[in-house]
$ cat start_14.cif   # mmCIF, C-alpha atoms and all ligand atoms
data_data
loop_
_atom_site.label_atom_id
_atom_site.label_comp_id
_atom_site.auth_asym_id
_atom_site.auth_seq_id
_atom_site.Cartn_x
_atom_site.Cartn_y
_atom_site.Cartn_z
CA MET S 1 98.83 86.31 85.31
CA SER S 2 99.18 85.05 88.84
CA MET S 3 99.05 81.35 89.44
CA ARG S 4 97.65 82.03 92.91
CA ASP S 5 93.98 82.77 93.40
CA THR S 6 94.08 86.02 95.33
CA ASN S 7 90.38 85.89 96.14
CA THR S 8 90.27 82.52 97.88
CA ALA S 9 88.56 83.31 101.17
CA ALA S 10 89.11 79.72 102.35
CA THR S 11 92.89 80.23 102.57
CA PRO S 12 93.16 83.83 103.74
CA GLU S 13 96.58 83.45 105.35
CA GLY S 14 98.22 83.08 101.92
CA THR S 15 96.47 86.01 100.26
CA TYR S 16 96.92 89.78 100.26
CA ALA S 17 95.01 91.11 103.28
CA LEU S 18 94.23 94.62 102.00
CA ASP S 19 93.12 93.88 98.46
CA ASN S 20 92.75 96.71 95.99
CA ALA S 21 89.15 95.85 95.06
CA SER S 22 87.86 97.26 98.35
CA ALA S 23 86.51 100.80 98.63
CA GLU S 24 89.13 101.49 101.33
CA ALA S 25 92.00 101.16 98.81
CA ARG S 26 90.85 104.47 97.27
CA ALA S 27 91.60 106.19 100.58
CA ARG S 28 94.75 104.19 101.39
CA PHE S 29 96.76 105.05 98.26
CA PRO S 30 96.60 108.87 98.54
CA ALA S 31 97.41 108.55 102.26
CA LEU S 32 100.45 106.38 101.52
CA ALA S 33 101.64 108.88 98.94
CA ASP S 34 101.12 111.79 101.31
CA ALA S 35 102.92 110.03 104.17
CA PHE S 36 105.87 108.52 102.34
CA ASP S 37 106.45 109.68 98.74
CA ALA S 38 108.83 112.54 99.61
CA GLY S 39 111.24 110.17 101.37
CA THR S 40 110.91 107.51 98.68
CA GLN S 41 111.70 110.05 95.98
CA ARG S 42 114.77 111.17 97.93
CA HIS S 43 116.08 107.60 98.11
CA LEU S 44 115.41 106.96 94.42
CA ALA S 45 117.10 110.21 93.41
CA ALA S 46 120.10 109.29 95.58
CA VAL S 47 120.76 106.07 93.65
CA GLY S 48 120.79 108.17 90.47
CA VAL S 49 117.46 107.51 88.69
CA GLY S 50 117.51 109.77 85.65
CA PRO S 51 116.88 110.11 81.92
CA GLY S 52 116.91 106.86 79.97
CA TRP S 53 116.73 104.50 83.00
CA ARG S 54 114.68 101.31 82.79
CA CYS S 55 112.76 100.91 86.05
CA LEU S 56 110.56 98.23 87.60
CA GLU S 57 108.04 99.35 90.23
CA VAL S 58 106.70 96.23 92.01
CA GLY S 59 103.24 96.33 93.63
CA GLY S 60 102.65 99.85 92.36
CA GLY S 61 99.28 100.28 94.17
CA GLY S 62 97.98 103.75 93.36
CA GLY S 63 100.87 104.54 90.99
CA SER S 64 102.30 107.70 92.56
CA ILE S 65 105.90 106.43 92.49
CA ALA S 66 105.61 104.98 88.98
CA ARG S 67 104.34 108.39 87.83
CA TRP S 68 107.29 110.15 89.49
CA LEU S 69 109.72 107.64 87.95
CA ALA S 70 108.22 108.19 84.49
CA GLU S 71 108.77 111.93 84.77
CA ARG S 72 112.32 111.34 85.98
CA VAL S 73 113.37 108.83 83.26
CA GLY S 74 111.67 110.84 80.48
CA PRO S 75 110.78 109.69 76.97
CA THR S 76 114.02 107.72 76.51
CA GLY S 77 113.37 105.66 79.65
CA HIS S 78 110.83 103.01 80.56
CA VAL S 79 108.83 102.17 83.70
CA LEU S 80 107.24 98.74 84.11
CA VAL S 81 104.77 98.87 87.00
CA THR S 82 103.32 95.60 88.25
CA ASP S 83 100.61 94.59 90.70
CA ILE S 84 98.48 91.52 91.41
CA ASP S 85 95.54 93.93 91.00
CA PRO S 86 96.43 96.99 88.87
CA ARG S 87 92.96 98.57 88.83
CA HIS S 88 94.28 101.86 90.29
CA LEU S 89 97.24 102.13 87.90
CA ARG S 90 96.27 104.65 85.22
CA PHE S 91 98.86 106.75 83.37
CA PRO S 92 97.25 108.86 80.67
CA ASN S 93 99.84 110.77 78.62
CA LEU S 94 102.79 108.80 80.00
CA PRO S 95 103.70 106.41 77.17
CA GLU S 96 106.90 105.36 78.96
CA VAL S 97 104.82 103.51 81.59
CA GLU S 98 103.74 99.90 81.03
CA VAL S 99 101.31 98.25 83.48
CA ARG S 100 101.37 94.47 83.99
CA VAL S 101 99.31 92.10 86.14
CA HIS S 102 102.04 90.20 87.95
CA ASP S 103 102.66 88.33 91.18
CA ILE S 104 106.22 89.03 92.30
CA ALA S 105 106.35 85.70 94.15
CA VAL S 106 105.71 83.43 91.20
CA ASP S 107 105.46 85.18 87.83
CA PRO S 108 108.45 85.53 85.49
CA LEU S 109 110.29 88.78 84.85
CA PRO S 110 112.82 89.60 82.15
CA ALA S 111 116.32 88.79 83.46
CA ALA S 112 119.08 91.40 83.92
CA THR S 113 116.97 94.19 82.37
CA PHE S 114 116.41 97.02 84.86
CA ASP S 115 118.62 99.84 86.15
CA LEU S 116 116.29 100.15 89.16
CA VAL S 117 113.88 97.79 90.90
CA HIS S 118 111.78 99.41 93.64
CA ALA S 119 109.00 98.20 95.93
CA ARG S 120 107.34 99.82 98.94
CA LEU S 121 105.20 97.96 101.46
CA VAL S 122 104.81 94.92 99.23
CA LEU S 123 107.17 92.17 100.43
CA LEU S 124 105.93 92.30 104.02
CA HIS S 125 102.59 91.10 102.62
CA VAL S 126 104.07 88.31 100.48
CA PRO S 127 104.63 85.03 102.36
CA GLU S 128 107.20 84.02 99.72
CA ARG S 129 109.10 87.25 100.30
CA GLU S 130 112.54 85.63 99.94
CA ALA S 131 111.66 84.25 96.50
CA ALA S 132 110.19 87.63 95.56
CA LEU S 133 113.39 89.40 96.60
CA ALA S 134 115.46 86.94 94.55
CA ASN S 135 113.18 87.58 91.53
CA MET S 136 113.62 91.33 91.90
CA ILE S 137 117.41 91.02 92.06
CA ALA S 138 117.52 88.65 89.06
CA ALA S 139 115.67 91.32 87.05
CA LEU S 140 118.40 93.89 87.73
CA LYS S 141 121.15 94.60 85.21
CA PRO S 142 124.67 94.19 86.61
CA GLY S 143 125.27 97.54 88.30
CA GLY S 144 121.53 98.16 88.75
CA TRP S 145 120.03 99.27 92.07
CA LEU S 146 117.45 97.61 94.28
CA VAL S 147 115.55 99.93 96.64
CA ASP S 148 113.02 98.27 98.93
CA GLU S 149 110.96 99.90 101.69
CA GLU S 150 109.08 97.96 104.34
CA PHE S 151 107.56 98.55 107.76
CA ASP S 152 109.07 97.58 111.07
CA SER S 153 106.29 97.78 113.65
CA SER S 154 108.56 97.73 116.69
CA VAL S 155 107.60 101.36 117.28
CA PHE S 156 104.10 100.87 118.73
CA PRO S 157 101.83 103.50 120.34
CA ASP S 158 102.74 103.43 124.06
CA PRO S 159 100.79 105.81 126.33
CA VAL S 160 102.69 104.52 129.39
CA ARG S 161 106.16 105.38 128.16
CA SER S 162 104.97 108.35 126.12
CA PRO S 163 101.89 109.93 127.77
CA GLY S 164 99.50 111.43 125.23
CA GLU S 165 100.03 108.76 122.57
CA THR S 166 96.87 106.86 121.68
CA LEU S 167 96.86 103.06 121.60
CA LEU S 168 93.60 101.90 120.07
CA LYS S 169 92.21 98.42 120.76
CA THR S 170 91.56 98.25 117.04
CA HIS S 171 95.26 98.80 116.40
CA ILE S 172 96.11 95.74 118.49
CA ALA S 173 93.36 93.78 116.74
CA LEU S 174 94.67 94.79 113.31
CA SER S 175 98.19 93.69 114.26
CA ARG S 176 96.87 90.28 115.32
CA MET S 177 94.86 89.95 112.13
CA LEU S 178 97.83 90.85 109.90
CA ASP S 179 99.99 88.32 111.75
CA CYS S 180 97.32 85.67 111.06
CA ARG S 181 97.33 86.62 107.39
CA GLY S 182 101.08 85.93 107.07
CA VAL S 183 102.22 89.57 107.08
CA ASP S 184 105.72 90.08 108.48
CA ARG S 185 105.19 93.41 110.24
CA ASN S 186 108.90 93.63 111.10
CA PHE S 187 110.39 92.72 107.73
CA GLY S 188 111.76 96.25 107.27
CA ARG S 189 114.24 95.73 110.06
CA ARG S 190 115.70 92.71 108.29
CA LEU S 191 116.09 94.30 104.86
CA PHE S 192 119.71 95.34 105.34
CA THR S 193 120.87 91.83 106.21
CA ARG S 194 118.70 90.21 103.52
CA LEU S 195 120.12 92.47 100.79
CA ARG S 196 123.63 91.62 101.97
CA ALA S 197 122.79 87.91 102.02
CA HIS S 198 121.66 88.21 98.39
CA GLY S 199 125.13 89.47 97.45
CA LEU S 200 124.35 93.11 96.72
CA ASP S 201 127.14 95.69 96.98
CA HIS S 202 127.04 99.03 98.79
CA VAL S 203 124.11 97.96 100.97
CA ALA S 204 122.77 100.69 103.27
CA ALA S 205 119.50 101.40 105.07
CA GLU S 206 117.62 104.27 106.68
CA GLY S 207 114.47 104.16 108.82
CA ARG S 208 111.85 106.92 108.96
CA THR S 209 109.18 107.35 111.61
CA PHE S 210 106.70 110.16 112.23
CA MET S 211 104.23 111.34 114.83
CA TRP S 212 100.80 111.10 113.19
CA PRO S 213 98.23 113.52 114.68
CA ALA S 214 94.51 113.59 113.84
CA GLY S 215 93.97 114.97 110.35
CA SER S 216 97.31 113.74 108.99
CA ALA S 217 97.95 111.02 106.42
CA GLY S 218 98.66 108.34 109.02
CA PRO S 219 95.22 108.21 110.66
CA ALA S 220 93.66 108.32 107.18
CA MET S 221 95.66 105.21 106.27
CA MET S 222 94.83 103.51 109.55
CA ARG S 223 91.10 104.25 109.10
CA ALA S 224 91.24 102.56 105.68
CA ASN S 225 93.11 99.52 107.05
CA TYR S 226 90.90 99.15 110.14
CA SER S 227 87.71 99.53 108.10
CA GLN S 228 88.77 97.04 105.44
CA LEU S 229 89.37 94.32 108.05
CA ARG S 230 86.51 95.35 110.38
CA SER S 231 84.27 92.35 109.87
CA GLN S 232 87.16 89.86 109.96
CA MET S 233 88.48 91.34 113.23
CA ILE S 234 85.00 91.27 114.80
CA SER S 235 84.31 87.69 113.62
CA ALA S 236 87.66 86.55 115.02
CA GLY S 237 86.74 88.08 118.39
CA TYR S 238 89.69 90.49 118.29
CA ILE S 239 87.49 93.59 118.76
CA THR S 240 83.84 94.33 119.57
CA GLU S 241 81.65 96.46 117.32
CA ALA S 242 81.34 99.07 120.08
CA ASP S 243 85.11 99.32 120.62
CA PHE S 244 85.67 99.48 116.88
CA ASP S 245 83.19 102.35 116.45
CA ARG S 246 84.72 104.22 119.41
CA ASP S 247 88.22 103.84 117.95
CA ILE S 248 87.21 105.07 114.51
CA ALA S 249 85.74 108.20 116.13
CA ALA S 250 88.93 108.63 118.22
CA LEU S 251 91.02 109.00 115.04
CA ASP S 252 89.38 112.42 114.57
CA HIS S 253 89.81 113.61 118.15
CA PRO S 254 92.03 116.72 118.28
CA ASP S 255 94.24 115.03 120.93
CA PHE S 256 94.80 111.88 118.87
CA VAL S 257 98.42 111.11 118.05
CA MET S 258 100.29 107.89 117.31
CA PRO S 259 103.84 107.18 116.19
CA SER S 260 104.09 105.57 112.77
CA PRO S 261 105.81 102.24 112.27
CA ILE S 262 109.38 102.66 111.06
CA LEU S 263 109.53 102.62 107.26
CA TRP S 264 112.95 101.17 106.51
CA ALA S 265 114.42 101.87 103.09
CA ALA S 266 117.29 99.60 102.14
CA TRP S 267 119.24 99.75 98.93
CA GLY S 268 122.08 97.90 97.26
CA GLN S 269 123.74 97.49 93.86
CA LYS S 270 123.96 94.29 91.84
CA PRO S 271 127.66 93.50 91.36
CA PRO S 272 129.04 94.22 87.90
CA GLU S 273 129.56 91.18 85.68
CA THR S 274 133.01 89.70 85.96
CA ALA S 275 134.51 88.42 82.73
C1 LIG A 301 100.23 98.39 100.85
S1 LIG A 301 100.05 98.48 99.13
C2 LIG A 301 101.44 99.52 98.71
C3 LIG A 301 101.24 100.20 97.37
C4 LIG A 301 102.41 101.08 96.92
N1 LIG A 301 103.62 100.29 96.72
C5 LIG A 301 102.67 102.19 97.90
O1 LIG A 301 103.59 102.10 98.73
O2 LIG A 301 101.92 103.19 97.85
C6 LIG A 301 100.63 96.90 98.57
C7 LIG A 301 100.46 96.69 97.06
O3 LIG A 301 101.15 95.49 96.70
C8 LIG A 301 100.33 94.71 95.85
N2 LIG A 301 100.70 93.30 96.03
C9 LIG A 301 100.40 92.49 97.08
N3 LIG A 301 100.92 91.27 96.89
C10 LIG A 301 101.59 91.32 95.70
C11 LIG A 301 102.33 90.36 94.93
N4 LIG A 301 102.49 89.11 95.39
N5 LIG A 301 102.88 90.75 93.76
C12 LIG A 301 102.70 92.03 93.30
N6 LIG A 301 101.99 92.97 93.98
C13 LIG A 301 101.44 92.62 95.16
C14 LIG A 301 98.91 95.04 96.30
O4 LIG A 301 97.94 94.72 95.33
C15 LIG A 301 99.02 96.53 96.61
O5 LIG A 301 98.77 97.30 95.46
#
$ encode --input "start_14.cif" --output "structure tokens" --more "lines below"
Ligand SMILES: C[S@@+](CC[C@H](N)C(=O)[O-])C[C@H]1O[C@@H](n2cnc3c(N)ncnc32)[C@H](O)[C@@H]1O
Amino acid sequence: MSMRDTNTAATPEGTYALDNASAEARARFPALADAFDAGTQRHLAAVGVGPGWRCLEVGGGGGSIARWLAERVGPTGHVLVTDIDPRHLRFPNLPEVEVRVHDIAVDPLPAATFDLVHARLVLLHVPEREAALANMIAALKPGGWLVDEEFDSSVFPDPVRSPGETLLKTHIALSRMLDCRGVDRNFGRRLFTRLRAHGLDHVAAEGRTFMWPAGSAGPAMMRANYSQLRSQMISAGYITEADFDRDIAALDHPDFVMPSPILWAAWGQKPPETA
């Protein structure tokens, strides 16, 4: 169990901003899967995930990647999927999946155990992201692969440079609020150099970005994120109720389009043990 109290409203900057207990999480997880699973699966397949592998999925959220991993590793493999709040992690008929309540920043993991450790959009939310990364690498077997995927928000909607893109006031407000909550919205850009600094071999990285029109997964995810932090953004004076309501309606306008943040995937291999 986590040693941190993830529900302490008095210290919000140290806690997960988009907690899974909210109703909005039920909309966020399918949208994340729709937007990003195909690319994630491609990266995981490229490092060789296959029958018999032991995998750790950190911050599994809605479980779509853990489910895919379980099918890939088959009955001779094992998938440990962790989350500070695993309420959405349900795997009927997949006995190779084990779910554990776990905080990647502070809770112990078995050492040198996994062929693959993967996380997506977790470390950017964790203030102790360096310690979390070190924990993930320590859990890898020699020769095992780390694959981590995080946002880099340097691609921002910009209707001046790219007429037709929509920049919502609520989007700016959300960015400010996430910054206040200790989220590193640009961590993805730094993954390559962090993985190298941790001594991994064969480090490489690829960024993906998309145009997200109305009706696509991106606006569905943004609606969930905006709505979850609505009252906090209004109380902080980052957005008015009227502007918020106008922006939520704008997400459904047929002309709406925004570029996604860049989702960087970076991967590297733990060096083999030297005798
Ligand atoms: C934005 S969601 C991403 C979910 C999933 N990885 C995906 O990409 O669809 C972040 C997830 O990380 C979990 N999380 C946040 N802080 C964590 C921590 N310190 N340790 C483990 N999981 C954490 C959250 O509960 C949530 O399920």
$ residues_near_point --input "start_14.cif" --point "(92.3, 101.1, 97.8)" --cutoff "12 Å" --atoms "only C-alpha atoms" --output "ChimeraX atom specification"
/S:17-32,60-63,85-89,220-221,223-225,227-228
$ atom_distance --input "start_14.cif" --atom1 "atom CA of Pro163 of chain S" --atom2 "atom CA of Ile239 of chain S"
23.6 Å
$ closest_residue --input "start_14.cif" --among "S:Leu94, S:Leu191, S:Leu146, S:Leu56" --to "Glu71 of chain S" --atoms "all atoms listed in the file"
S:Leu94
$ residues_around --input "start_14.cif" --residues "Gly52 of chain S" --least-positions-apart "4" --cutoff "10 Å" --atoms "all atoms listed in the file" --output "list of chain:residue names"
S:Ala70, S:Arg72, S:Val73, S:Gly74, S:Pro75, S:Thr76, S:Gly77, S:His78, S:Asp115
$ closest_residue --input "start_14.cif" --among "S:Trp53, S:Ala132, S:Asn93, S:Ser64" --to "Arg194 of chain S" --atoms "only C-alpha atoms"
S:Ala132
$ axis_aligned_box --input "start_14.cif" --around "segment 171-190 of chain S" --padding-each-side "8 Å" --output "lines of an AutoDock Vina configuration file"
center_x = 104.5
center_y = 92.2
center_z = 112.8
size_x = 38.3
size_y = 29.1
size_z = 27.4
$ build_atoms --input "start_14.cif" --residues "segment 212-240 of chain S" --atoms "N, CA and C atoms" --output "compact mmCIF listing (two decimals), in the coordinates of the input"
# COMPACT_ATOMS: atom_id res chain seq x y z
N TRP S 212 101.97 110.93 114.05
CA TRP S 212 100.80 111.10 113.19
C TRP S 212 99.65 111.65 114.01
N PRO S 213 99.39 112.96 113.97
CA PRO S 213 98.23 113.52 114.68
C PRO S 213 96.94 113.35 113.86
N ALA S 214 95.80 113.59 114.54
CA ALA S 214 94.51 113.59 113.84
C ALA S 214 94.60 114.54 112.64
N GLY S 215 93.99 114.12 111.53
CA GLY S 215 93.97 114.97 110.35
C GLY S 215 95.14 114.75 109.42
N SER S 216 96.15 113.97 109.86
CA SER S 216 97.31 113.74 108.99
C SER S 216 97.10 112.46 108.18
N ALA S 217 98.09 112.17 107.32
CA ALA S 217 97.95 111.02 106.42
C ALA S 217 97.87 109.70 107.17
N GLY S 218 98.59 109.61 108.30
CA GLY S 218 98.66 108.34 109.02
C GLY S 218 97.30 107.85 109.49
N PRO S 219 96.55 108.66 110.25
CA PRO S 219 95.22 108.21 110.66
C PRO S 219 94.29 107.91 109.48
N ALA S 220 94.47 108.62 108.36
CA ALA S 220 93.66 108.32 107.18
C ALA S 220 93.97 106.91 106.68
N MET S 221 95.27 106.56 106.69
CA MET S 221 95.66 105.21 106.27
C MET S 221 95.15 104.17 107.25
N MET S 222 95.28 104.48 108.55
CA MET S 222 94.83 103.51 109.55
C MET S 222 93.31 103.30 109.48
N ARG S 223 92.55 104.39 109.23
CA ARG S 223 91.10 104.25 109.10
C ARG S 223 90.76 103.29 107.95
N ALA S 224 91.48 103.44 106.83
CA ALA S 224 91.24 102.56 105.68
C ALA S 224 91.57 101.11 106.04
N ASN S 225 92.70 100.90 106.72
CA ASN S 225 93.11 99.52 107.05
C ASN S 225 92.16 98.90 108.08
N TYR S 226 91.83 99.68 109.13
CA TYR S 226 90.90 99.15 110.14
C TYR S 226 89.56 98.80 109.49
N SER S 227 89.05 99.72 108.66
CA SER S 227 87.71 99.53 108.10
C SER S 227 87.68 98.33 107.16
N GLN S 228 88.76 98.16 106.39
CA GLN S 228 88.77 97.04 105.44
C GLN S 228 88.71 95.70 106.15
N LEU S 229 89.34 95.60 107.33
CA LEU S 229 89.37 94.32 108.05
C LEU S 229 88.39 94.27 109.21
N ARG S 230 87.46 95.25 109.26
CA ARG S 230 86.51 95.35 110.38
C ARG S 230 85.77 94.03 110.64
N SER S 231 85.11 93.52 109.61
CA SER S 231 84.27 92.35 109.87
C SER S 231 85.11 91.14 110.22
N GLN S 232 86.29 91.00 109.62
CA GLN S 232 87.16 89.86 109.96
C GLN S 232 87.64 89.95 111.41
N MET S 233 87.99 91.17 111.85
CA MET S 233 88.48 91.34 113.23
C MET S 233 87.36 91.06 114.23
N ILE S 234 86.14 91.50 113.89
CA ILE S 234 85.00 91.27 114.80
C ILE S 234 84.66 89.77 114.84
N SER S 235 84.62 89.14 113.66
CA SER S 235 84.31 87.69 113.62
C SER S 235 85.34 86.88 114.39
N ALA S 236 86.59 87.30 114.32
CA ALA S 236 87.66 86.55 115.02
C ALA S 236 87.62 86.80 116.52
N GLY S 237 86.81 87.77 116.96
CA GLY S 237 86.74 88.08 118.39
C GLY S 237 87.88 88.97 118.86
N TYR S 238 88.56 89.63 117.91
CA TYR S 238 89.69 90.49 118.29
C TYR S 238 89.23 91.86 118.78
N ILE S 239 87.99 92.25 118.41
CA ILE S 239 87.49 93.59 118.76
C ILE S 239 85.95 93.49 118.75
N THR S 240 85.31 94.29 119.62
CA THR S 240 83.84 94.33 119.57
C THR S 240 83.42 95.46 118.63
